[in-house]
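Here is target_12.cif, consisting of mmCIF, C-alpha atoms:
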data_input
loop_
_atom_site.label_atom_id
_atom_site.label_comp_id
_atom_site.auth_asym_id
_atom_site.auth_seq_id
_atom_site.Cartn_x
_atom_site.Cartn_y
_atom_site.Cartn_z
CA MET A 1 8.10 -30.54 -31.56
CA ALA A 2 5.65 -31.54 -28.84
CA GLU A 3 3.35 -29.01 -27.24
CA VAL A 4 3.87 -27.77 -23.69
CA LEU A 5 0.64 -26.60 -22.05
CA VAL A 6 0.85 -23.54 -19.80
CA LEU A 7 -2.10 -22.69 -17.54
CA VAL A 8 -2.39 -18.90 -17.62
CA ASP A 9 -2.62 -17.20 -14.24
CA HIS A 10 -4.91 -14.18 -14.55
CA ALA A 11 -7.33 -12.03 -12.61
CA ASN A 12 -10.45 -10.98 -14.47
CA GLY A 13 -8.63 -11.27 -17.77
CA GLU A 14 -5.49 -9.44 -16.65
CA VAL A 15 -2.55 -11.79 -17.17
CA LYS A 16 -0.20 -12.10 -14.21
CA LYS A 17 3.60 -12.12 -14.43
CA PRO A 18 4.05 -15.89 -13.81
CA ALA A 19 2.36 -16.61 -17.17
CA ALA A 20 5.20 -14.91 -19.07
CA GLU A 21 7.76 -16.72 -16.91
CA MET A 22 6.21 -20.14 -17.57
CA LEU A 23 5.93 -19.50 -21.33
CA THR A 24 9.65 -18.71 -21.26
CA ILE A 25 10.33 -22.01 -19.48
CA ALA A 26 7.99 -23.88 -21.83
CA ARG A 27 10.15 -22.90 -24.82
CA ARG A 28 12.99 -24.92 -23.31
CA LEU A 29 10.80 -28.02 -23.39
CA GLY A 30 8.84 -27.75 -26.63
CA GLU A 31 6.24 -25.57 -28.33
CA PRO A 32 4.34 -23.40 -25.81
CA SER A 33 0.54 -23.40 -25.86
CA ALA A 34 -1.31 -21.18 -23.41
CA VAL A 35 -4.50 -22.41 -21.74
CA PHE A 36 -6.70 -19.48 -20.72
CA ILE A 37 -9.71 -20.44 -18.58
CA GLY A 38 -12.24 -17.70 -17.88
CA PRO A 39 -13.26 -14.40 -19.45
CA GLY A 40 -10.83 -12.06 -21.22
CA ALA A 41 -8.80 -14.44 -23.37
CA GLU A 42 -9.23 -12.34 -26.52
CA THR A 43 -7.63 -9.28 -24.92
CA ALA A 44 -4.69 -11.34 -23.63
CA THR A 45 -3.83 -12.94 -26.99
CA ASP A 46 -1.22 -10.38 -28.06
CA LEU A 47 0.58 -10.50 -24.73
CA LEU A 48 0.71 -14.30 -24.64
CA ALA A 49 1.94 -14.44 -28.24
CA ARG A 50 4.63 -11.90 -27.39
CA TYR A 51 6.11 -14.40 -24.93
CA GLY A 52 6.07 -17.30 -27.37
CA ALA A 53 2.60 -18.84 -27.21
CA GLU A 54 2.09 -20.60 -30.54
CA LYS A 55 -1.48 -21.53 -29.66
CA ILE A 56 -3.98 -20.16 -27.19
CA TYR A 57 -6.72 -22.50 -26.00
CA ALA A 58 -9.54 -20.47 -24.49
CA VAL A 59 -12.43 -21.67 -22.35
CA SER A 60 -15.01 -18.99 -21.64
CA ASP A 61 -17.69 -21.28 -20.16
CA PRO A 62 -18.69 -19.56 -16.87
CA ALA A 63 -18.92 -22.95 -15.14
CA ALA A 64 -15.14 -23.29 -15.51
CA VAL A 65 -14.47 -20.54 -12.98
CA GLU A 66 -17.66 -20.56 -10.90
CA HIS A 67 -17.01 -23.93 -9.26
CA LEU A 68 -13.58 -23.72 -7.58
CA VAL A 69 -10.74 -25.66 -9.28
CA ALA A 70 -12.27 -29.02 -10.22
CA PRO A 71 -13.55 -27.87 -13.64
CA GLN A 72 -10.14 -26.47 -14.54
CA ALA A 73 -8.53 -29.82 -13.78
CA GLU A 74 -11.08 -31.55 -16.00
CA ILE A 75 -10.43 -29.12 -18.85
CA LEU A 76 -6.69 -29.69 -18.64
CA ALA A 77 -7.23 -33.47 -18.47
CA GLN A 78 -9.24 -33.34 -21.70
CA LEU A 79 -6.48 -31.33 -23.36
CA VAL A 80 -3.77 -33.71 -22.15
CA GLN A 81 -5.69 -36.67 -23.55
CA GLU A 82 -6.20 -34.94 -26.90
CA LYS A 83 -2.84 -33.17 -27.37
CA GLN A 84 -0.45 -35.56 -25.58
CA PRO A 85 1.82 -32.67 -24.52
CA ALA A 86 5.45 -32.95 -23.44
CA ALA A 87 4.53 -31.31 -20.12
CA VAL A 88 1.94 -29.18 -18.34
CA LEU A 89 3.14 -26.10 -16.43
CA ILE A 90 0.89 -24.67 -13.70
CA PRO A 91 1.48 -21.79 -11.26
CA SER A 92 2.61 -23.11 -7.89
CA SER A 93 -0.07 -21.30 -5.91
CA ALA A 94 -2.53 -22.91 -3.50
CA SER A 95 -5.14 -23.30 -6.24
CA GLY A 96 -2.54 -24.22 -8.85
CA LYS A 97 -1.19 -27.08 -6.75
CA GLU A 98 -4.70 -28.41 -6.22
CA ILE A 99 -5.35 -28.26 -9.96
CA GLY A 100 -2.06 -30.06 -10.57
CA ALA A 101 -2.88 -32.79 -8.06
CA ARG A 102 -6.33 -33.39 -9.53
CA LEU A 103 -4.87 -33.43 -13.05
CA ALA A 104 -2.20 -35.93 -12.02
CA VAL A 105 -4.85 -38.30 -10.68
CA LYS A 106 -7.04 -37.95 -13.76
CA THR A 107 -4.18 -38.57 -16.20
CA GLU A 108 -2.27 -41.09 -14.04
CA SER A 109 0.78 -38.88 -14.25
CA GLY A 110 3.55 -37.73 -11.94
CA LEU A 111 3.37 -34.34 -10.24
CA ILE A 112 6.13 -31.99 -9.10
CA THR A 113 5.26 -28.91 -7.04
CA ASP A 114 7.19 -25.78 -6.04
CA ALA A 115 9.77 -26.11 -8.82
CA VAL A 116 12.22 -23.20 -8.89
CA ASP A 117 13.83 -24.26 -12.16
CA VAL A 118 12.85 -26.47 -15.09
CA GLN A 119 15.26 -27.61 -17.79
CA ALA A 120 15.00 -30.02 -20.70
CA GLY A 121 16.57 -33.42 -20.05
CA PRO A 122 17.23 -36.45 -22.24
CA ASP A 123 14.15 -38.21 -20.81
CA GLY A 124 11.89 -35.22 -20.21
CA PRO A 125 11.89 -32.11 -18.02
CA VAL A 126 14.21 -31.99 -15.01
CA THR A 127 13.17 -29.75 -12.12
CA THR A 128 14.93 -28.17 -9.18
CA GLN A 129 13.15 -27.94 -5.82
CA SER A 130 13.93 -26.83 -2.28
CA VAL A 131 12.57 -29.49 0.09
CA PHE A 132 12.34 -30.42 3.78
CA ALA A 133 12.00 -26.81 4.94
CA GLY A 134 14.84 -25.71 2.70
CA SER A 135 17.30 -28.27 4.09
CA TYR A 136 17.97 -29.82 0.69
CA THR A 137 17.97 -28.80 -2.95
CA VAL A 138 16.99 -31.69 -5.20
CA GLN A 139 16.54 -32.41 -8.86
CA ALA A 140 13.57 -34.51 -9.86
CA LYS A 141 11.69 -35.69 -12.93
CA VAL A 142 8.39 -37.37 -13.63
CA THR A 143 8.72 -41.03 -14.60
CA LYS A 144 5.11 -41.82 -15.48
CA GLY A 145 2.59 -40.19 -17.77
CA THR A 146 2.70 -36.51 -18.67
CA PRO A 147 4.98 -34.39 -16.47
CA ILE A 148 2.79 -32.00 -14.49
CA ILE A 149 4.93 -29.27 -12.94
CA CYS A 150 3.84 -26.49 -10.62
CA VAL A 151 6.34 -23.65 -10.99
CA LYS A 152 7.06 -20.98 -8.38
CA PRO A 153 6.89 -17.34 -9.47
CA ASN A 154 10.27 -15.73 -10.31
CA SER A 155 11.72 -19.06 -11.44
CA ALA A 156 12.71 -17.53 -14.79
CA ALA A 157 13.17 -14.08 -16.24
CA PRO A 158 10.43 -13.50 -18.85
CA GLU A 159 11.91 -13.42 -22.35
CA GLN A 160 9.94 -12.24 -25.34
CA ALA A 161 9.77 -14.46 -28.41
CA ASN A 162 7.09 -13.88 -31.01
CA GLY A 163 4.67 -16.79 -31.19
CA ALA A 164 1.87 -17.36 -33.68
CA GLY A 165 -0.79 -16.90 -30.99
CA ALA A 166 -3.33 -18.99 -32.92
CA PHE A 167 -6.59 -18.57 -31.01
CA GLU A 168 -8.91 -21.52 -30.49
CA GLU A 169 -12.10 -21.43 -28.43
CA LEU A 170 -12.63 -24.83 -26.83
CA SER A 171 -15.92 -26.55 -26.23
CA VAL A 172 -15.49 -28.63 -23.09
CA THR A 173 -17.59 -30.98 -21.00
CA ILE A 174 -17.65 -30.35 -17.27
CA SER A 175 -19.05 -33.13 -15.11
CA ASP A 176 -21.68 -32.61 -12.43
CA GLY A 177 -19.18 -33.81 -9.84
CA ALA A 178 -16.84 -30.93 -10.70
CA LYS A 179 -19.69 -28.52 -10.02
CA ALA A 180 -20.31 -29.77 -6.49
CA ALA A 181 -18.77 -26.67 -4.88
CA LYS A 182 -19.72 -23.28 -6.25
CA VAL A 183 -18.21 -19.86 -5.59
CA THR A 184 -21.08 -17.78 -4.22
CA ALA A 185 -19.24 -14.53 -3.59
CA ALA A 186 -15.82 -13.01 -4.18
CA GLU A 187 -14.28 -9.86 -2.77
CA PRO A 188 -11.27 -8.29 -4.52
CA LYS A 189 -8.17 -7.84 -2.41
CA LYS A 190 -7.65 -4.27 -1.25
CA ALA A 191 -5.04 -2.53 -3.38
CA THR A 192 -1.86 -1.53 -1.53
CA GLY A 193 0.04 -0.12 -4.46
CA ARG A 194 2.71 -2.77 -3.89
CA PRO A 195 3.36 -5.96 -5.91
CA GLU A 196 1.75 -9.25 -4.93
CA LEU A 197 3.99 -10.89 -2.32
CA THR A 198 4.42 -14.25 -4.07
CA GLU A 199 5.05 -12.66 -7.48
CA ALA A 200 7.28 -9.73 -6.52
CA ALA A 201 10.82 -9.55 -7.86
CA ILE A 202 11.91 -7.85 -4.61
CA VAL A 203 10.60 -8.56 -1.11
CA VAL A 204 11.47 -6.67 2.07
CA SER A 205 10.39 -8.44 5.27
CA GLY A 206 10.35 -7.35 8.88
CA GLY A 207 10.48 -9.46 12.01
CA ARG A 208 10.63 -9.29 15.79
CA GLY A 209 13.41 -6.71 15.55
CA THR A 210 10.98 -4.08 14.26
CA GLY A 211 9.26 -3.99 17.63
CA GLY A 212 6.01 -3.55 15.74
CA ASP A 213 7.16 -0.48 13.79
CA PHE A 214 7.14 -1.48 10.13
CA ALA A 215 7.50 2.10 8.83
CA PRO A 216 11.22 1.78 7.89
CA VAL A 217 10.51 -1.58 6.22
CA GLU A 218 7.61 -0.18 4.20
CA THR A 219 9.49 2.99 3.21
CA PHE A 220 12.49 0.99 1.99
CA ALA A 221 10.21 -1.43 0.14
CA ASP A 222 8.41 1.42 -1.60
CA ALA A 223 11.73 2.93 -2.67
CA LEU A 224 12.60 -0.38 -4.33
CA GLY A 225 9.11 -1.06 -5.72
CA ALA A 226 9.05 -4.16 -3.52
CA ALA A 227 6.45 -6.21 -1.69
CA VAL A 228 6.40 -6.25 2.11
CA GLY A 229 6.56 -9.49 4.07
CA ALA A 230 6.73 -10.40 7.74
CA SER A 231 7.98 -13.21 9.94
CA ARG A 232 5.67 -15.43 11.93
CA ALA A 233 6.70 -13.70 15.16
CA ALA A 234 5.62 -10.35 13.72
CA VAL A 235 2.22 -11.51 12.50
CA ASP A 236 1.52 -13.54 15.65
CA ALA A 237 2.17 -10.38 17.67
CA GLY A 238 -0.43 -8.58 15.55
CA TRP A 239 2.09 -6.19 14.03
CA TYR A 240 1.36 -7.13 10.43
CA PRO A 241 -1.39 -9.03 8.57
CA HIS A 242 -1.17 -12.81 8.38
CA THR A 243 -1.57 -12.54 4.61
CA SER A 244 1.97 -11.10 4.54
CA GLN A 245 3.60 -13.92 6.50
CA VAL A 246 6.61 -15.50 4.80
CA GLY A 247 7.49 -18.99 5.99
CA GLN A 248 6.63 -22.65 6.11
CA THR A 249 3.13 -21.91 7.44
CA GLY A 250 2.81 -18.69 5.45
CA LYS A 251 3.65 -17.79 1.87
CA GLN A 252 6.67 -19.16 0.06
CA VAL A 253 8.50 -16.59 -2.04
CA SER A 254 11.39 -16.82 -4.46
CA PRO A 255 12.22 -13.25 -5.52
CA GLN A 256 15.34 -11.96 -7.22
CA LEU A 257 16.15 -10.03 -4.03
CA TYR A 258 14.99 -10.76 -0.46
CA VAL A 259 15.79 -8.36 2.37
CA ALA A 260 15.24 -9.63 5.93
CA ALA A 261 15.18 -6.85 8.51
CA GLY A 262 15.15 -7.79 12.18
CA ILE A 263 14.50 -11.47 11.43
CA SER A 264 16.59 -14.05 13.31
CA GLY A 265 16.20 -16.72 10.64
CA ALA A 266 14.36 -19.59 12.30
CA ILE A 267 13.90 -22.65 10.09
CA GLN A 268 10.18 -21.86 9.78
CA HIS A 269 10.98 -18.56 8.07
CA ARG A 270 13.89 -19.88 6.03
CA ALA A 271 11.64 -22.51 4.48
CA GLY A 272 9.59 -19.74 2.89
CA MET A 273 12.37 -17.65 1.35
CA GLN A 274 15.50 -19.79 1.02
CA THR A 275 15.17 -20.13 -2.76
CA SER A 276 15.47 -16.35 -3.23
CA LYS A 277 18.20 -15.51 -5.74
CA THR A 278 19.97 -12.90 -3.55
CA ILE A 279 19.41 -12.59 0.21
CA VAL A 280 20.36 -9.61 2.38
CA ALA A 281 19.93 -9.59 6.15
CA ILE A 282 20.01 -6.75 8.68
CA ASN A 283 20.23 -7.80 12.33
CA LYS A 284 21.86 -6.49 15.51
CA ASP A 285 22.85 -10.02 16.54
CA GLU A 286 25.91 -11.05 14.56
CA GLU A 287 25.24 -14.71 15.49
CA ALA A 288 21.65 -14.74 14.19
CA PRO A 289 20.98 -17.91 12.14
CA ILE A 290 19.85 -15.80 9.17
CA PHE A 291 23.49 -14.89 8.48
CA GLU A 292 24.22 -18.53 7.63
CA LEU A 293 22.43 -18.33 4.28
CA VAL A 294 22.72 -14.70 3.19
CA ASP A 295 24.68 -13.29 0.30
CA PHE A 296 25.15 -9.99 2.11
CA GLY A 297 24.78 -9.35 5.82
CA VAL A 298 24.64 -6.09 7.79
CA VAL A 299 25.18 -6.23 11.55
CA GLY A 300 23.32 -3.19 12.77
CA ASP A 301 20.10 -1.57 13.92
CA LEU A 302 17.47 -1.70 11.16
CA PHE A 303 16.14 1.70 12.34
CA GLN A 304 19.51 3.19 11.37
CA VAL A 305 20.39 1.00 8.39
CA LEU A 306 17.08 1.05 6.46
CA PRO A 307 16.66 4.86 6.38
CA GLN A 308 20.22 5.23 5.06
CA ALA A 309 19.57 2.53 2.46
CA THR A 310 16.32 4.24 1.47
CA GLU A 311 18.06 7.58 0.94
CA ALA A 312 20.77 5.85 -1.11
CA VAL A 313 18.15 4.19 -3.33
CA LYS A 314 16.22 7.42 -3.81
CA GLY A 315 19.43 9.24 -4.67
CA LYS A 316 20.13 6.97 -7.64
#
I'd like the structure from this file rewritten - as structure tokens, please.
Amino acid sequence: MAEVLVLVDHANGEVKKPAAEMLTIARRLGEPSAVFIGPGAETATDLLARYGAEKIYAVSDPAAVEHLVAPQAEILAQLVQEKQPAAVLIPSSASGKEIGARLAVKTESGLITDAVDVQAGPDGPVTTQSVFAGSYTVQAKVTKGTPIICVKPNSAAPEQANGAGAFEELSVTISDGAKAAKVTAAEPKKATGRPELTEAAIVVSGGRGTGGDFAPVETFADALGAAVGASRAAVDAGWYPHTSQVGQTGKQVSPQLYVAAGISGAIQHRAGMQTSKTIVAINKDEEAPIFELVDFGVVGDLFQVLPQATEAVKGK
């Protein structure tokens, strides 16, 4: 069975949820092997093995993470050349997509980004994507080289499957060209106590209908253990940080549950959340475009509906 390389998404050695999801997907395609670049691989071995990693390739060379993403692409390219894997799975984040693009060029392979599902096919992995601002859902596959697939968070439920977790420290060569841009300083994101927006299983977003008062949105989100998002209209008005914007020009999310409160559903916003598994909308306008794609819709005032929903959740 051919290997499937999975680039582990982590922060200072702490493995993020998408790694477990991608290892679960990798088992559909072949034998999962985790690629851990940066410090902390030894402490993550048990967790990665718990989700099926048969091998763990670790690169602790500081240059691999001190010079933006180019060194990581080179490391993966060396592994692809040596291991000839069935596929390479990479988190579909801003940095992940850049790594994927660089890797595709280096290995003369096809690249698929923002996949929301990956299944084994007779001629290699078959992916599902939402394209053209969510107007179409398409299936695609790579036809040249090694399939390089950037997978959105929440594309699979993590499933445990004991892997061997054989640890191997790699000695890699990083070119001078890959070291052209160096990270000179980094500031950790301020903790909010809520999940990361792009990784959260539940997202509650507020829009123009909040009038700038996000308190009911935040309270309901906290009751659900959810992340908080916002529409472009809300962030442009200065009501919520731009880092929380969901949409074509903001962050694209694909949670198990997405709740849109006071959001009309313009195409710009829909492009960022249309692949959510279950969508609930709350809006006073029964003809709001958001109701065209929801699973459940509530025509009502969010300032009345959300507090009642919060009490119901807390009462469970």
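Between Glu54 in chain A and the residues A:Phe296, A:Phe167, A:Phe36, A:Tyr258, the shortest atom-to-atom distance, using all atoms listed in the file, involves A:Phe167.
Neighbours of Ser60 in chain A closer than or equal to 8 Å, with all atoms listed in the file counted and sequence neighbours fewer than 2 positions away skipped, come out as Ile37, Gly38, Pro39, Ala41, Ala58, Pro62, Ala64 and Glu169 of chain A.
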(request) Name the residues that the PyMOL selection byres ((chain A and resi 274) around 8) pulls out of this structure, and write them as a PyMOL selection string. (result) chain A and resi 130+134+254+270-273+275-276+293
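In terms of minimum interatomic distance to Glu292 in chain A, A:Ile267 ranks closest within A:Leu306, A:Leu47, A:Leu29, A:Ile267, counting all atoms listed in the file.
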(request) List the neighbours of Gly315 in chain A out to 12 Å using only C-alpha atoms; skip same-chain residues closer than 4 positions along the sequence, and give me the result as a PyMOL selection string. (result) chain A and resi 223-224+308-311
(request) Work out how far CA of Lys55 in chain A is from CA of Leu76 in chain A, in Å to one decimal. (result) 14.7 Å
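If only C-alpha atoms are the atoms counted, then among A:Leu48, A:Leu79, A:Ala226, A:Val126 the closest residue to Leu5 in chain A is A:Leu79.
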(message) Residues within 6 Å of range 113-116 of chain A, please, as a list in words. Count only C-alpha atoms; anything in the same chain fewer than 6 positions from it doesn't count.
(response) Ser92, Thr127, Thr128, Gln129, Ile149, Cys150, Val151, Lys152 and Ser155 of chain A
(request) Give me, please, the distance in Å between CA of Thr210 in chain A and CA of Val235 in chain A, quoted to one decimal. (result) 11.6 Å
(request) List, as a VMD selection string, every residue that the PyMOL selection byres ((chain A and resi 73) around 12) selects in the file provided. (result) chain A and resid 7 35 37 64 to 65 67 to 72 74 to 80 88 90 95 to 107 148 172 to 175 178 to 179
Produce range 171-240 of chain A of the given structure as output with C-alpha atoms, as an mmCIF file, in the first residue's frame.
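Written output follows (out.cif):
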data_model
loop_
_atom_site.group_PDB
_atom_site.id
_atom_site.type_symbol
_atom_site.label_atom_id
_atom_site.label_comp_id
_atom_site.auth_asym_id
_atom_site.auth_seq_id
_atom_site.Cartn_x
_atom_site.Cartn_y
_atom_site.Cartn_z
ATOM 1 C CA SER A 171 18.213 15.262 7.518
ATOM 2 C CA VAL A 172 17.227 17.674 4.768
ATOM 3 C CA THR A 173 18.952 20.160 2.493
ATOM 4 C CA ILE A 174 17.431 23.624 2.295
ATOM 5 C CA SER A 175 18.628 25.834 -0.543
ATOM 6 C CA ASP A 176 19.817 29.402 -0.092
ATOM 7 C CA GLY A 177 16.960 30.556 -2.298
ATOM 8 C CA ALA A 178 14.415 29.145 0.156
ATOM 9 C CA LYS A 179 16.036 31.218 2.890
ATOM 10 C CA ALA A 180 15.601 34.516 1.062
ATOM 11 C CA ALA A 181 12.788 35.692 3.365
ATOM 12 C CA LYS A 182 13.229 35.242 7.095
ATOM 13 C CA VAL A 183 10.705 35.603 9.909
ATOM 14 C CA THR A 184 12.171 38.275 12.175
ATOM 15 C CA ALA A 185 9.419 38.454 14.780
ATOM 16 C CA ALA A 186 6.199 36.679 15.669
ATOM 17 C CA GLU A 187 3.440 37.678 18.056
ATOM 18 C CA PRO A 188 1.006 35.027 19.323
ATOM 19 C CA LYS A 189 -2.656 35.695 18.672
ATOM 20 C CA LYS A 190 -4.524 36.933 21.724
ATOM 21 C CA ALA A 191 -6.516 34.136 23.318
ATOM 22 C CA THR A 192 -10.297 34.600 23.229
ATOM 23 C CA GLY A 193 -11.276 31.328 24.826
ATOM 24 C CA ARG A 194 -13.132 30.421 21.629
ATOM 25 C CA PRO A 195 -12.088 27.962 18.894
ATOM 26 C CA GLU A 196 -10.125 29.130 15.860
ATOM 27 C CA LEU A 197 -12.637 30.363 13.282
ATOM 28 C CA THR A 198 -11.453 28.216 10.358
ATOM 29 C CA GLU A 199 -11.168 25.060 12.487
ATOM 30 C CA ALA A 200 -14.300 25.342 14.631
ATOM 31 C CA ALA A 201 -16.995 22.683 14.372
ATOM 32 C CA ILE A 202 -19.633 25.358 15.076
ATOM 33 C CA VAL A 203 -19.592 28.976 13.904
ATOM 34 C CA VAL A 204 -22.068 31.702 14.840
ATOM 35 C CA SER A 205 -21.827 34.834 12.682
ATOM 36 C CA GLY A 206 -23.435 38.234 12.952
ATOM 37 C CA GLY A 207 -24.139 40.757 10.236
ATOM 38 C CA ARG A 208 -25.737 44.120 9.551
ATOM 39 C CA GLY A 209 -28.808 43.046 11.504
ATOM 40 C CA THR A 210 -26.887 43.200 14.781
ATOM 41 C CA GLY A 211 -26.644 46.963 14.487
ATOM 42 C CA GLY A 212 -23.182 46.662 15.978
ATOM 43 C CA ASP A 213 -24.311 44.786 19.097
ATOM 44 C CA PHE A 214 -22.654 41.372 18.937
ATOM 45 C CA ALA A 215 -23.464 40.466 22.565
ATOM 46 C CA PRO A 216 -26.323 38.037 21.704
ATOM 47 C CA VAL A 217 -24.149 36.437 19.002
ATOM 48 C CA GLU A 218 -21.205 35.979 21.366
ATOM 49 C CA THR A 219 -23.365 34.675 24.222
ATOM 50 C CA PHE A 220 -25.022 32.096 21.977
ATOM 51 C CA ALA A 221 -21.650 31.092 20.520
ATOM 52 C CA ASP A 222 -20.183 30.604 23.987
ATOM 53 C CA ALA A 223 -23.139 28.432 24.987
ATOM 54 C CA LEU A 224 -22.387 26.189 22.006
ATOM 55 C CA GLY A 225 -18.592 26.310 22.365
ATOM 56 C CA ALA A 226 -18.510 27.960 18.942
ATOM 57 C CA ALA A 227 -16.332 30.454 17.118
ATOM 58 C CA VAL A 228 -17.698 33.899 16.265
ATOM 59 C CA GLY A 229 -17.689 35.226 12.716
ATOM 60 C CA ALA A 230 -18.960 38.353 11.012
ATOM 61 C CA SER A 231 -20.131 39.486 7.602
ATOM 62 C CA ARG A 232 -18.220 41.994 5.516
ATOM 63 C CA ALA A 233 -20.811 44.680 6.269
ATOM 64 C CA ALA A 234 -20.229 44.211 9.996
ATOM 65 C CA VAL A 235 -16.449 44.395 9.841
ATOM 66 C CA ASP A 236 -16.452 47.292 7.359
ATOM 67 C CA ALA A 237 -18.638 49.206 9.813
ATOM 68 C CA GLY A 238 -16.031 48.591 12.510
ATOM 69 C CA TRP A 239 -18.350 46.451 14.618
ATOM 70 C CA TYR A 240 -16.096 43.390 14.641
#
